[in-house]
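Note: the block below is query14.pdb and it holds PDB, C-alpha atoms and all ligand atoms.
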```
ATOM      1  CA  MET A   1     -24.602 -42.167 -80.144
ATOM      2  CA  SER A   2     -28.005 -41.070 -78.853
ATOM      3  CA  ASP A   3     -31.534 -41.576 -80.086
ATOM      4  CA  ARG A   4     -32.587 -39.129 -77.337
ATOM      5  CA  PRO A   5     -31.195 -35.857 -78.699
ATOM      6  CA  TRP A   6     -32.920 -33.726 -76.053
ATOM      7  CA  LEU A   7     -30.588 -35.263 -73.442
ATOM      8  CA  ARG A   8     -27.355 -34.301 -75.201
ATOM      9  CA  GLY A   9     -25.457 -32.046 -72.781
ATOM     10  CA  ALA A  10     -28.141 -32.325 -70.072
ATOM     11  CA  GLY A  11     -27.145 -32.451 -66.391
ATOM     12  CA  VAL A  12     -28.681 -35.343 -64.427
ATOM     13  CA  LEU A  13     -28.565 -36.301 -60.735
ATOM     14  CA  VAL A  14     -29.740 -39.802 -59.711
ATOM     15  CA  THR A  15     -30.131 -40.952 -56.092
ATOM     16  CA  GLY A  16     -30.041 -44.654 -55.279
ATOM     17  CA  ALA A  17     -27.634 -44.755 -58.227
ATOM     18  CA  GLY A  18     -25.859 -47.916 -57.105
ATOM     19  CA  GLY A  19     -29.045 -50.009 -57.053
ATOM     20  CA  GLY A  20     -30.701 -52.000 -59.829
ATOM     21  CA  ILE A  21     -32.888 -49.249 -61.299
ATOM     22  CA  GLY A  22     -30.343 -46.553 -60.367
ATOM     23  CA  ARG A  23     -27.482 -48.158 -62.296
ATOM     24  CA  ALA A  24     -29.656 -48.741 -65.363
ATOM     25  CA  THR A  25     -30.905 -45.146 -65.138
ATOM     26  CA  CYS A  26     -27.400 -43.683 -64.900
ATOM     27  CA  ALA A  27     -26.406 -45.813 -67.895
ATOM     28  CA  ALA A  28     -29.427 -44.842 -70.007
ATOM     29  CA  PHE A  29     -28.951 -41.111 -69.410
ATOM     30  CA  ALA A  30     -25.157 -41.267 -69.921
ATOM     31  CA  ARG A  31     -25.584 -43.250 -73.173
ATOM     32  CA  SER A  32     -27.960 -40.530 -74.349
ATOM     33  CA  GLY A  33     -25.261 -37.878 -74.047
ATOM     34  CA  ALA A  34     -26.152 -36.484 -70.603
ATOM     35  CA  THR A  35     -23.610 -35.773 -67.880
ATOM     36  CA  VAL A  36     -24.695 -37.871 -64.910
ATOM     37  CA  VAL A  37     -23.885 -37.697 -61.205
ATOM     38  CA  GLY A  38     -25.053 -40.720 -59.230
ATOM     39  CA  ALA A  39     -25.524 -40.493 -55.460
ATOM     40  CA  ASP A  40     -25.716 -43.452 -53.102
ATOM     41  CA  LEU A  41     -24.524 -44.589 -49.672
ATOM     42  CA  CYS A  42     -21.195 -45.609 -51.252
ATOM     43  CA  ASP A  43     -19.493 -45.140 -54.614
ATOM     44  CA  GLU A  44     -18.189 -48.670 -55.158
ATOM     45  CA  TRP A  45     -20.708 -49.291 -57.939
ATOM     46  CA  VAL A  46     -19.537 -46.593 -60.310
ATOM     47  CA  GLY A  47     -16.463 -48.308 -61.819
ATOM     48  CA  ALA A  48     -18.462 -51.256 -63.174
ATOM     49  CA  VAL A  49     -21.193 -49.036 -64.641
ATOM     50  CA  ARG A  50     -18.617 -46.714 -66.184
ATOM     51  CA  ASP A  51     -16.758 -49.668 -67.740
ATOM     52  CA  SER A  52     -19.991 -51.026 -69.237
ATOM     53  CA  LEU A  53     -20.589 -47.695 -70.976
ATOM     54  CA  GLY A  54     -17.403 -47.514 -73.037
ATOM     55  CA  GLU A  55     -16.769 -43.940 -74.204
ATOM     56  CA  ALA A  56     -19.932 -42.629 -72.553
ATOM     57  CA  GLY A  57     -18.546 -43.822 -69.201
ATOM     58  CA  SER A  58     -16.511 -40.643 -68.807
ATOM     59  CA  SER A  59     -19.735 -38.654 -68.396
ATOM     60  CA  LEU A  60     -20.709 -40.595 -65.244
ATOM     61  CA  SER A  61     -19.394 -39.813 -61.764
ATOM     62  CA  ALA A  62     -20.457 -40.652 -58.216
ATOM     63  CA  VAL A  63     -21.009 -38.819 -54.943
ATOM     64  CA  VAL A  64     -21.693 -40.353 -51.548
ATOM     65  CA  ALA A  65     -24.899 -39.036 -49.975
ATOM     66  CA  ASP A  66     -27.487 -40.445 -47.586
ATOM     67  CA  VAL A  67     -30.857 -39.061 -48.711
ATOM     68  CA  THR A  68     -31.980 -38.666 -45.102
ATOM     69  CA  ASP A  69     -29.170 -36.132 -44.597
ATOM     70  CA  SER A  70     -30.301 -32.734 -45.876
ATOM     71  CA  ALA A  71     -26.798 -31.230 -45.953
ATOM     72  CA  ALA A  72     -25.425 -34.207 -47.899
ATOM     73  CA  LEU A  73     -28.201 -33.868 -50.483
ATOM     74  CA  ALA A  74     -27.625 -30.120 -50.805
ATOM     75  CA  ALA A  75     -23.945 -30.888 -51.439
ATOM     76  CA  ALA A  76     -24.874 -33.561 -54.013
ATOM     77  CA  VAL A  77     -27.074 -31.092 -55.912
ATOM     78  CA  ALA A  78     -24.283 -28.476 -55.820
ATOM     79  CA  GLU A  79     -21.771 -31.071 -57.012
ATOM     80  CA  ALA A  80     -24.069 -32.098 -59.877
ATOM     81  CA  GLU A  81     -24.472 -28.470 -60.961
ATOM     82  CA  LEU A  82     -20.704 -28.046 -60.856
ATOM     83  CA  ARG A  83     -19.838 -31.222 -62.747
ATOM     84  CA  CYS A  84     -22.687 -30.956 -65.278
ATOM     85  CA  GLY A  85     -22.707 -27.169 -65.643
ATOM     86  CA  ARG A  86     -26.458 -27.171 -64.917
ATOM     87  CA  LEU A  87     -29.132 -29.456 -63.491
ATOM     88  CA  ASP A  88     -31.895 -30.509 -65.904
ATOM     89  CA  VAL A  89     -33.129 -33.760 -64.371
ATOM     90  CA  ALA A  90     -33.239 -35.111 -60.800
ATOM     91  CA  VAL A  91     -34.190 -38.759 -60.332
ATOM     92  CA  ALA A  92     -35.232 -39.849 -56.812
ATOM     93  CA  GLY A  93     -34.336 -43.544 -56.848
ATOM     94  CA  ALA A  94     -33.113 -44.223 -53.313
ATOM     95  CA  GLY A  95     -35.488 -46.567 -51.544
ATOM     96  CA  ILE A  96     -35.778 -49.452 -49.096
ATOM     97  CA  GLN A  97     -38.480 -52.076 -48.595
ATOM     98  CA  ALA A  98     -39.833 -53.791 -45.487
ATOM     99  CA  VAL A  99     -42.270 -56.682 -45.526
ATOM    100  CA  GLY A 100     -44.660 -56.604 -42.578
ATOM    101  CA  SER A 101     -48.249 -55.830 -41.706
ATOM    102  CA  VAL A 102     -49.270 -52.453 -40.311
ATOM    103  CA  GLU A 103     -49.738 -54.112 -36.913
ATOM    104  CA  ASP A 104     -46.471 -56.065 -36.849
ATOM    105  CA  THR A 105     -44.007 -53.561 -38.284
ATOM    106  CA  PRO A 106     -41.550 -52.459 -35.584
ATOM    107  CA  GLU A 107     -41.619 -48.739 -34.886
ATOM    108  CA  GLU A 108     -38.008 -48.181 -35.937
ATOM    109  CA  VAL A 109     -38.589 -49.975 -39.251
ATOM    110  CA  TRP A 110     -41.721 -47.908 -39.974
ATOM    111  CA  ARG A 111     -39.865 -44.652 -39.236
ATOM    112  CA  ARG A 112     -36.822 -45.658 -41.315
ATOM    113  CA  VAL A 113     -38.880 -46.623 -44.397
ATOM    114  CA  LEU A 114     -40.769 -43.332 -44.304
ATOM    115  CA  ASP A 115     -37.572 -41.415 -43.651
ATOM    116  CA  VAL A 116     -35.685 -42.852 -46.648
ATOM    117  CA  ASN A 117     -38.508 -43.262 -49.176
ATOM    118  CA  LEU A 118     -40.650 -40.213 -48.433
ATOM    119  CA  THR A 119     -38.643 -37.640 -46.475
ATOM    120  CA  GLY A 120     -35.476 -38.463 -48.461
ATOM    121  CA  THR A 121     -37.290 -37.752 -51.722
ATOM    122  CA  TRP A 122     -38.845 -34.586 -50.312
ATOM    123  CA  LEU A 123     -35.351 -33.385 -49.337
ATOM    124  CA  LEU A 124     -34.044 -34.081 -52.834
ATOM    125  CA  CYS A 125     -36.951 -32.097 -54.304
ATOM    126  CA  LYS A 126     -36.355 -29.247 -51.853
ATOM    127  CA  HIS A 127     -32.702 -28.903 -52.909
ATOM    128  CA  ALA A 128     -33.176 -29.701 -56.610
ATOM    129  CA  VAL A 129     -35.988 -27.227 -57.343
ATOM    130  CA  PRO A 130     -33.813 -24.070 -56.998
ATOM    131  CA  ALA A 131     -31.141 -25.680 -59.196
ATOM    132  CA  LEU A 132     -33.719 -26.628 -61.850
ATOM    133  CA  ARG A 133     -35.071 -23.069 -61.685
ATOM    134  CA  ARG A 134     -31.549 -21.721 -62.277
ATOM    135  CA  ALA A 135     -31.422 -23.913 -65.406
ATOM    136  CA  GLY A 136     -34.700 -22.401 -66.635
ATOM    137  CA  GLY A 137     -36.763 -25.514 -65.872
ATOM    138  CA  GLY A 138     -36.383 -29.282 -65.887
ATOM    139  CA  THR A 139     -37.789 -32.549 -64.603
ATOM    140  CA  ILE A 140     -37.982 -34.355 -61.267
ATOM    141  CA  LEU A 141     -38.680 -38.069 -61.597
ATOM    142  CA  CYS A 142     -39.712 -39.953 -58.460
ATOM    143  CA  LEU A 143     -39.616 -43.738 -58.282
ATOM    144  CA  VAL A 144     -43.007 -44.386 -56.720
ATOM    145  CA  SER A 145     -44.476 -47.907 -57.242
ATOM    146  CA  THR A 146     -47.751 -49.529 -58.207
ATOM    147  CA  VAL A 147     -48.170 -50.175 -54.472
ATOM    148  CA  GLY A 148     -48.203 -46.411 -53.924
ATOM    149  CA  LEU A 149     -51.401 -46.399 -55.982
ATOM    150  CA  HIS A 150     -53.001 -49.674 -54.869
ATOM    151  CA  PRO A 151     -52.724 -51.293 -51.428
ATOM    152  CA  ARG A 152     -50.942 -54.570 -50.747
ATOM    153  CA  ALA A 153     -51.307 -56.353 -47.432
ATOM    154  CA  ASP A 154     -48.152 -57.087 -45.430
ATOM    155  CA  LEU A 155     -46.185 -54.267 -47.038
ATOM    156  CA  GLY A 156     -47.539 -51.513 -44.801
ATOM    157  CA  ALA A 157     -44.677 -49.063 -44.319
ATOM    158  CA  TYR A 158     -43.517 -49.370 -47.932
ATOM    159  CA  CYS A 159     -47.040 -48.850 -49.374
ATOM    160  CA  VAL A 160     -47.681 -45.865 -47.128
ATOM    161  CA  SER A 161     -44.301 -44.294 -47.972
ATOM    162  CA  LYS A 162     -44.995 -44.673 -51.690
ATOM    163  CA  ALA A 163     -48.560 -43.348 -51.391
ATOM    164  CA  GLY A 164     -47.132 -40.284 -49.640
ATOM    165  CA  LEU A 165     -44.641 -39.924 -52.447
ATOM    166  CA  ALA A 166     -47.415 -40.107 -55.039
ATOM    167  CA  MET A 167     -49.089 -37.152 -53.295
ATOM    168  CA  LEU A 168     -45.776 -35.263 -53.068
ATOM    169  CA  VAL A 169     -45.554 -35.563 -56.868
ATOM    170  CA  ARG A 170     -49.071 -34.179 -57.284
ATOM    171  CA  VAL A 171     -48.605 -31.268 -54.870
ATOM    172  CA  LEU A 172     -45.129 -30.229 -56.012
ATOM    173  CA  GLY A 173     -46.114 -30.602 -59.664
ATOM    174  CA  ARG A 174     -48.717 -27.911 -59.146
ATOM    175  CA  GLU A 175     -46.361 -25.663 -57.161
ATOM    176  CA  VAL A 176     -43.562 -25.542 -59.757
ATOM    177  CA  ALA A 177     -45.385 -25.940 -63.082
ATOM    178  CA  ALA A 178     -45.197 -22.220 -63.806
ATOM    179  CA  ASP A 179     -41.393 -22.397 -63.436
ATOM    180  CA  GLY A 180     -41.167 -24.940 -66.243
ATOM    181  CA  ILE A 181     -40.380 -27.729 -63.791
ATOM    182  CA  ARG A 182     -42.211 -31.011 -64.262
ATOM    183  CA  VAL A 183     -42.616 -33.542 -61.459
ATOM    184  CA  VAL A 184     -43.543 -37.080 -62.422
ATOM    185  CA  GLY A 185     -44.017 -40.240 -60.400
ATOM    186  CA  ALA A 186     -42.960 -43.398 -62.228
ATOM    187  CA  CYS A 187     -44.786 -46.375 -60.724
ATOM    188  CA  PRO A 188     -43.164 -49.639 -61.784
ATOM    189  CA  THR A 189     -44.594 -53.014 -60.932
ATOM    190  CA  GLY A 190     -42.117 -55.640 -59.636
ATOM    191  CA  THR A 191     -38.739 -55.012 -61.239
ATOM    192  CA  ASP A 192     -35.843 -57.472 -61.241
ATOM    193  CA  THR A 193     -33.491 -55.820 -58.710
ATOM    194  CA  PRO A 194     -32.057 -56.613 -55.251
ATOM    195  CA  LEU A 195     -34.958 -54.715 -53.647
ATOM    196  CA  LEU A 196     -37.521 -57.006 -55.270
ATOM    197  CA  TRP A 197     -35.633 -60.163 -54.250
ATOM    198  CA  GLY A 198     -35.477 -58.900 -50.669
ATOM    199  CA  MET A 199     -39.236 -58.441 -50.814
ATOM    200  CA  VAL A 200     -39.770 -61.945 -52.252
ATOM    201  CA  ASP A 201     -37.671 -63.405 -49.387
ATOM    202  CA  GLY A 202     -39.691 -61.382 -46.870
ATOM    203  CA  PHE A 203     -43.047 -62.628 -48.222
ATOM    204  CA  ASN A 204     -41.761 -66.224 -48.335
ATOM    205  CA  ASP A 205     -40.563 -65.988 -44.702
ATOM    206  CA  ARG A 206     -43.898 -64.535 -43.675
ATOM    207  CA  ALA A 207     -45.840 -67.313 -45.443
ATOM    208  CA  GLY A 208     -43.663 -69.863 -43.624
ATOM    209  CA  GLY A 209     -44.169 -72.530 -46.321
ATOM    210  CA  ALA A 210     -41.992 -73.757 -49.171
ATOM    211  CA  PRO A 211     -40.271 -70.783 -50.802
ATOM    212  CA  ARG A 212     -41.859 -69.673 -54.094
ATOM    213  CA  PRO A 213     -39.694 -68.054 -56.769
ATOM    214  CA  ASP A 214     -42.141 -65.139 -56.996
ATOM    215  CA  ALA A 215     -43.694 -65.365 -53.480
ATOM    216  CA  GLY A 216     -47.081 -65.219 -55.243
ATOM    217  CA  LEU A 217     -46.428 -61.658 -56.363
ATOM    218  CA  LEU A 218     -47.099 -62.472 -60.019
ATOM    219  CA  ALA A 219     -50.463 -64.126 -59.240
ATOM    220  CA  GLY A 220     -53.256 -62.822 -61.464
ATOM    221  CA  LYS A 221     -50.995 -60.570 -63.509
ATOM    222  CA  PRO A 222     -51.723 -60.573 -67.238
ATOM    223  CA  VAL A 223     -48.010 -60.655 -68.117
ATOM    224  CA  GLN A 224     -46.101 -63.221 -66.113
ATOM    225  CA  ARG A 225     -42.742 -61.570 -65.710
ATOM    226  CA  TRP A 226     -40.967 -58.816 -63.844
ATOM    227  CA  LEU A 227     -39.944 -55.566 -65.483
ATOM    228  CA  THR A 228     -36.246 -55.166 -66.131
ATOM    229  CA  ALA A 229     -34.380 -52.218 -64.656
ATOM    230  CA  GLU A 230     -33.484 -51.198 -68.222
ATOM    231  CA  GLU A 231     -37.184 -50.999 -69.157
ATOM    232  CA  VAL A 232     -37.832 -48.706 -66.195
ATOM    233  CA  ALA A 233     -34.803 -46.573 -67.117
ATOM    234  CA  ALA A 234     -36.047 -46.259 -70.704
ATOM    235  CA  ALA A 235     -39.427 -45.046 -69.438
ATOM    236  CA  LEU A 236     -37.653 -42.479 -67.245
ATOM    237  CA  THR A 237     -35.695 -41.087 -70.184
ATOM    238  CA  TRP A 238     -38.919 -40.885 -72.231
ATOM    239  CA  LEU A 239     -40.554 -38.907 -69.417
ATOM    240  CA  THR A 240     -37.869 -36.208 -69.870
ATOM    241  CA  SER A 241     -38.576 -35.893 -73.602
ATOM    242  CA  PRO A 242     -40.362 -33.011 -75.335
ATOM    243  CA  ASP A 243     -43.097 -35.552 -76.214
ATOM    244  CA  ALA A 244     -43.903 -35.808 -72.485
ATOM    245  CA  LEU A 245     -44.148 -32.079 -71.803
ATOM    246  CA  MET A 246     -47.786 -32.343 -70.734
ATOM    247  CA  VAL A 247     -47.042 -35.055 -68.169
ATOM    248  CA  THR A 248     -46.598 -33.415 -64.781
ATOM    249  CA  GLY A 249     -48.025 -33.643 -61.299
ATOM    250  CA  SER A 250     -49.093 -37.193 -62.032
ATOM    251  CA  ASN A 251     -48.097 -40.772 -61.316
ATOM    252  CA  ILE A 252     -47.674 -43.048 -64.307
ATOM    253  CA  PRO A 253     -48.084 -46.825 -63.830
ATOM    254  CA  LEU A 254     -45.475 -49.001 -65.595
ATOM    255  CA  ASP A 255     -47.232 -52.288 -65.006
ATOM    256  CA  PHE A 256     -48.414 -54.296 -68.036
ATOM    257  CA  ALA A 257     -52.080 -53.407 -67.401
ATOM    258  CA  SER A 258     -52.004 -55.221 -64.064
ATOM    259  CA  ALA A 259     -53.792 -52.787 -61.779
TER     260      ALA A 259
HETATM  261  N1  LIG B   1     -37.622 -53.209 -57.781
HETATM  262  C1  LIG B   1     -38.943 -53.009 -57.771
HETATM  263  O1  LIG B   1     -39.746 -53.955 -57.912
HETATM  264  C2  LIG B   1     -39.492 -51.615 -57.633
HETATM  265  C3  LIG B   1     -40.814 -51.384 -58.023
HETATM  266  C4  LIG B   1     -41.355 -50.112 -57.878
HETATM  267  C5  LIG B   1     -40.583 -49.097 -57.361
HETATM  268  N2  LIG B   1     -39.292 -49.347 -56.980
HETATM  269  C6  LIG B   1     -38.526 -48.226 -56.412
HETATM  270  O2  LIG B   1     -37.456 -47.918 -57.278
HETATM  271  C7  LIG B   1     -36.370 -47.379 -56.500
HETATM  272  C8  LIG B   1     -35.108 -48.162 -56.842
HETATM  273  O3  LIG B   1     -35.303 -49.494 -56.409
HETATM  274  P1  LIG B   1     -34.415 -50.734 -56.860
HETATM  275  O4  LIG B   1     -35.370 -51.812 -57.153
HETATM  276  O5  LIG B   1     -33.404 -50.333 -57.848
HETATM  277  O6  LIG B   1     -33.743 -51.064 -55.448
HETATM  278  P2  LIG B   1     -32.248 -51.398 -55.049
HETATM  279  O7  LIG B   1     -32.309 -51.937 -53.673
HETATM  280  O8  LIG B   1     -31.599 -52.209 -56.113
HETATM  281  O9  LIG B   1     -31.580 -49.948 -55.039
HETATM  282  C9  LIG B   1     -31.905 -48.974 -54.087
HETATM  283  C10 LIG B   1     -30.674 -48.122 -53.863
HETATM  284  O10 LIG B   1     -31.006 -47.092 -52.905
HETATM  285  C11 LIG B   1     -29.890 -46.935 -52.067
HETATM  286  N3  LIG B   1     -30.283 -46.369 -50.779
HETATM  287  C12 LIG B   1     -30.992 -46.964 -49.781
HETATM  288  N4  LIG B   1     -31.101 -46.130 -48.726
HETATM  289  C13 LIG B   1     -30.451 -44.992 -49.072
HETATM  290  C14 LIG B   1     -30.206 -43.774 -48.396
HETATM  291  N5  LIG B   1     -30.640 -43.544 -47.163
HETATM  292  N6  LIG B   1     -29.519 -42.797 -49.064
HETATM  293  C15 LIG B   1     -29.052 -43.017 -50.322
HETATM  294  N7  LIG B   1     -29.249 -44.161 -51.008
HETATM  295  C16 LIG B   1     -29.933 -45.134 -50.373
HETATM  296  C17 LIG B   1     -29.318 -48.344 -51.872
HETATM  297  O11 LIG B   1     -27.973 -48.280 -51.439
HETATM  298  C18 LIG B   1     -29.494 -48.915 -53.282
HETATM  299  O12 LIG B   1     -28.332 -48.730 -54.064
HETATM  300  C19 LIG B   1     -36.794 -47.486 -55.051
HETATM  301  O13 LIG B   1     -37.341 -46.251 -54.621
HETATM  302  C20 LIG B   1     -37.884 -48.533 -55.083
HETATM  303  O14 LIG B   1     -38.798 -48.380 -54.013
HETATM  304  C21 LIG B   1     -38.720 -50.576 -57.121
END
```
Render the structure in this file as structure tokens.
Ligand SMILES: NC(=O)c1ccc[n+]([C@@H]2O[C@H](COP(=O)([O-])OP(=O)(O)OC[C@H]3O[C@@H](n4cnc5c(N)ncnc54)[C@H](O)[C@@H]3O)[C@@H](O)[C@H]2O)c1
Amino acid sequence: MSDRPWLRGAGVLVTGAGGGIGRATCAAFARSGATVVGADLCDEWVGAVRDSLGEAGSSLSAVVADVTDSAALAAAVAEAELRCGRLDVAVAGAGIQAVGSVEDTPEEVWRRVLDVNLTGTWLLCKHAVPALRRAGGGTILCLVSTVGLHPRADLGAYCVSKAGLAMLVRVLGREVAADGIRVVGACPTGTDTPLLWGMVDGFNDRAGGAPRPDAGLLAGKPVQRWLTAEEVAAALTWLTSPDALMVTGSNIPLDFASA
């Protein structure tokens, strides 16, 4: 069933599990033989993903947790340990976008983007590290972004939240390396999900002209397409493999040589 034998029997928690990358990630880990708990703001997504997995679907379950709520995340980690028997991998996938310049972004939008993308991931790390330690080590994978590594105008709060996340990966990676816990930032370029299409709409609105199918986001890129969520999920599973044991405390671009 699995060409990723190291994931057989592993316990995995994914936040943002109902989104584009989250669903594909839950599916990739479950198909590889892991027991997966997906957390999101609701659990309506889980039936469809489970059905698409056939037999492997029984190893996927859902919990409802807002990543800005520390107690809810602690409960999600405890639930994942209970259902999986142990926690080997935590994937921080919950995220929101907001198109707007640094000057124009409303204060409440700025605070919300940083709260979900940066503080929410920090809270997951805070609760997952002791569980990973109990398992004798493991991996935290954070969905950063190429725009956490390179600036993009008119995406101020999102870029800053992702840049903060990239530094969280670097700091925490150093703090927990001796415990056998790896922390890796995966930095995809534009990936075909609802979040990306919301961003495209936002850039088109801001430009005020005729809508463009890519809002100019593909301009100058050497490969003229978006990533698929499944490609990102495959990279995430590879980052948990024994072949990636030396990758920690760093942020890995998944971007077709664009940046
Ligand atoms: N799609 C892209 O182009 C792209 C590129 C680079 C990085 N990323 C990052 O990958 C991650 C997944 O993005 P996606 O493209 O699948 O987006 P998506 O919008 O499809 O999914 C995001 C999920 O996060 C959930 N979420 C939002 N706020 C939450 C909260 N407070 N608590 C719990 N869950 C919450 C949403 O309900 C949704 O299911 C995000 O962190 C995003 O920033 C996406």
Which residues, written as a short mmCIF file (atom, residue, chain, number, x, y, z; two decimals) with C-alpha atoms, in the coordinates of the input, have at least one atom at most 12 Å from Val89 of chain A, with only C-alpha atoms counted and residues fewer than 5 positions away on the same chain left out?
```
data_model
loop_
_atom_site.label_atom_id
_atom_site.label_comp_id
_atom_site.auth_asym_id
_atom_site.auth_seq_id
_atom_site.Cartn_x
_atom_site.Cartn_y
_atom_site.Cartn_z
CA TRP A 6 -32.92 -33.73 -76.05
CA LEU A 7 -30.59 -35.26 -73.44
CA GLY A 9 -25.46 -32.05 -72.78
CA ALA A 10 -28.14 -32.33 -70.07
CA GLY A 11 -27.14 -32.45 -66.39
CA VAL A 12 -28.68 -35.34 -64.43
CA LEU A 13 -28.56 -36.30 -60.74
CA VAL A 14 -29.74 -39.80 -59.71
CA THR A 15 -30.13 -40.95 -56.09
CA THR A 25 -30.90 -45.15 -65.14
CA CYS A 26 -27.40 -43.68 -64.90
CA PHE A 29 -28.95 -41.11 -69.41
CA ALA A 34 -26.15 -36.48 -70.60
CA THR A 35 -23.61 -35.77 -67.88
CA VAL A 36 -24.70 -37.87 -64.91
CA VAL A 37 -23.88 -37.70 -61.20
CA GLY A 38 -25.05 -40.72 -59.23
CA VAL A 77 -27.07 -31.09 -55.91
CA ALA A 80 -24.07 -32.10 -59.88
CA GLU A 81 -24.47 -28.47 -60.96
CA CYS A 84 -22.69 -30.96 -65.28
CA LEU A 124 -34.04 -34.08 -52.83
CA CYS A 125 -36.95 -32.10 -54.30
CA ALA A 128 -33.18 -29.70 -56.61
CA VAL A 129 -35.99 -27.23 -57.34
CA ALA A 131 -31.14 -25.68 -59.20
CA LEU A 132 -33.72 -26.63 -61.85
CA ARG A 133 -35.07 -23.07 -61.68
CA ALA A 135 -31.42 -23.91 -65.41
CA GLY A 136 -34.70 -22.40 -66.64
CA GLY A 137 -36.76 -25.51 -65.87
CA GLY A 138 -36.38 -29.28 -65.89
CA THR A 139 -37.79 -32.55 -64.60
CA ILE A 140 -37.98 -34.35 -61.27
CA LEU A 141 -38.68 -38.07 -61.60
CA CYS A 142 -39.71 -39.95 -58.46
CA ILE A 181 -40.38 -27.73 -63.79
CA ARG A 182 -42.21 -31.01 -64.26
CA VAL A 183 -42.62 -33.54 -61.46
CA VAL A 184 -43.54 -37.08 -62.42
CA LEU A 236 -37.65 -42.48 -67.24
CA THR A 237 -35.70 -41.09 -70.18
CA LEU A 239 -40.55 -38.91 -69.42
CA THR A 240 -37.87 -36.21 -69.87
CA SER A 241 -38.58 -35.89 -73.60
#
```
Inset, instruction - Would you please work out which residue, of A:Gly180, A:Pro188, A:Pro5, A:Gly57, is nearest to ligand LIG 1 (chain B) when using only C-alpha atoms and all ligand atoms? - result: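 For ligand LIG 1 (chain B), the nearest of the candidates is A:Pro188.
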Find the residues of chain A that sit at most 6 Å from ligand LIG 1 (chain B); for each, write down the nearest two atoms and how far apart they are in Å, to one decimal. Count all atoms listed in the file. Sort by chain, then by number going up, and give it as CSV.
```
residue,atom,partner,partner_atom,distance
A:Gly16,CA,B:LIG1,O10,3.5
A:Ala17,CA,B:LIG1,O12,5.8
A:Gly18,CA,B:LIG1,O12,4.0
A:Gly19,CA,B:LIG1,O9,3.2
A:Gly20,CA,B:LIG1,O5,3.7
A:Ile21,CA,B:LIG1,O5,3.7
A:Gly22,CA,B:LIG1,O5,5.5
A:Asp40,CA,B:LIG1,N7,4.2
A:Leu41,CA,B:LIG1,C15,4.8
A:Ala65,CA,B:LIG1,C15,5.8
A:Asp66,CA,B:LIG1,N6,3.4
A:Val67,CA,B:LIG1,N6,4.0
A:Thr68,CA,B:LIG1,N5,5.5
A:Gly93,CA,B:LIG1,C7,4.4
A:Ala94,CA,B:LIG1,O10,3.6
A:Gly95,CA,B:LIG1,O13,3.6
A:Ile96,CA,B:LIG1,C12,5.4
A:Val116,CA,B:LIG1,N5,5.1
A:Leu143,CA,B:LIG1,O2,4.8
A:Val144,CA,B:LIG1,C5,5.3
A:Ser145,CA,B:LIG1,C4,3.9
A:Cys187,CA,B:LIG1,C4,5.8
A:Pro188,CA,B:LIG1,C4,4.3
A:Thr189,CA,B:LIG1,C3,5.0
A:Gly190,CA,B:LIG1,O1,3.4
A:Thr191,CA,B:LIG1,O1,3.6
A:Asp192,CA,B:LIG1,N1,5.8
A:Thr193,CA,B:LIG1,O4,4.7
A:Pro194,CA,B:LIG1,O8,4.5
A:Leu195,CA,B:LIG1,O7,3.8
A:Leu196,CA,B:LIG1,N1,4.6
```
Legend entry - Distance query 10 Å from (-44.6, -55.4, -41.9) using all atoms listed in the file, result as a list in words: Gln97, Ala98, Val99, Gly100, Ser101, Val102, Glu103, Asp104, Thr105, Pro106, Val109, Trp110, Ala153, Asp154, Leu155, Gly156, Ala157, Tyr158, Gly202, Phe203 and Arg206 of chain A
Restricted to C-alpha atoms, what would the selected residues look like written as a compact mmCIF listing (two decimals), keeping the file's coordinate frame?
```
# COMPACT_ATOMS: atom_id res chain seq x y z
CA GLN A 97 -38.48 -52.08 -48.60
CA ALA A 98 -39.83 -53.79 -45.49
CA VAL A 99 -42.27 -56.68 -45.53
CA GLY A 100 -44.66 -56.60 -42.58
CA SER A 101 -48.25 -55.83 -41.71
CA VAL A 102 -49.27 -52.45 -40.31
CA GLU A 103 -49.74 -54.11 -36.91
CA ASP A 104 -46.47 -56.06 -36.85
CA THR A 105 -44.01 -53.56 -38.28
CA PRO A 106 -41.55 -52.46 -35.58
CA VAL A 109 -38.59 -49.98 -39.25
CA TRP A 110 -41.72 -47.91 -39.97
CA ALA A 153 -51.31 -56.35 -47.43
CA ASP A 154 -48.15 -57.09 -45.43
CA LEU A 155 -46.18 -54.27 -47.04
CA GLY A 156 -47.54 -51.51 -44.80
CA ALA A 157 -44.68 -49.06 -44.32
CA TYR A 158 -43.52 -49.37 -47.93
CA GLY A 202 -39.69 -61.38 -46.87
CA PHE A 203 -43.05 -62.63 -48.22
CA ARG A 206 -43.90 -64.54 -43.68
```
Legend entry - All residues 7 Å or closer to Ala74 of chain A, only C-alpha atoms, same chain fewer than 4 positions away omitted, as a ChimeraX atom specification: /A:70,78,127
Inset, instruction - Grab the atom CA of Gly209 of chain A to atom CA of Glu107 of chain A distance for me, in Å with one decimal place. - result: 26.5 Å
Using the structure block above, produce a file of segment 106-117 of chain A that contains C-alpha atoms, as a short mmCIF file (atom, residue, chain, number, x, y, z; two decimals), in the first residue's frame.
```
data_model
loop_
_atom_site.label_atom_id
_atom_site.label_comp_id
_atom_site.auth_asym_id
_atom_site.auth_seq_id
_atom_site.Cartn_x
_atom_site.Cartn_y
_atom_site.Cartn_z
CA PRO A 106 -6.70 47.56 8.46
CA GLU A 107 -5.40 47.00 11.97
CA GLU A 108 -7.80 44.14 12.70
CA VAL A 109 -6.80 42.34 9.49
CA TRP A 110 -3.08 42.71 10.29
CA ARG A 111 -3.59 41.34 13.81
CA ARG A 112 -5.76 38.43 12.60
CA VAL A 113 -3.27 37.32 9.91
CA LEU A 114 -0.40 37.33 12.40
CA ASP A 115 -2.55 35.62 15.01
CA VAL A 116 -3.58 32.70 12.76
CA ASN A 117 -0.44 32.25 10.65
#
```
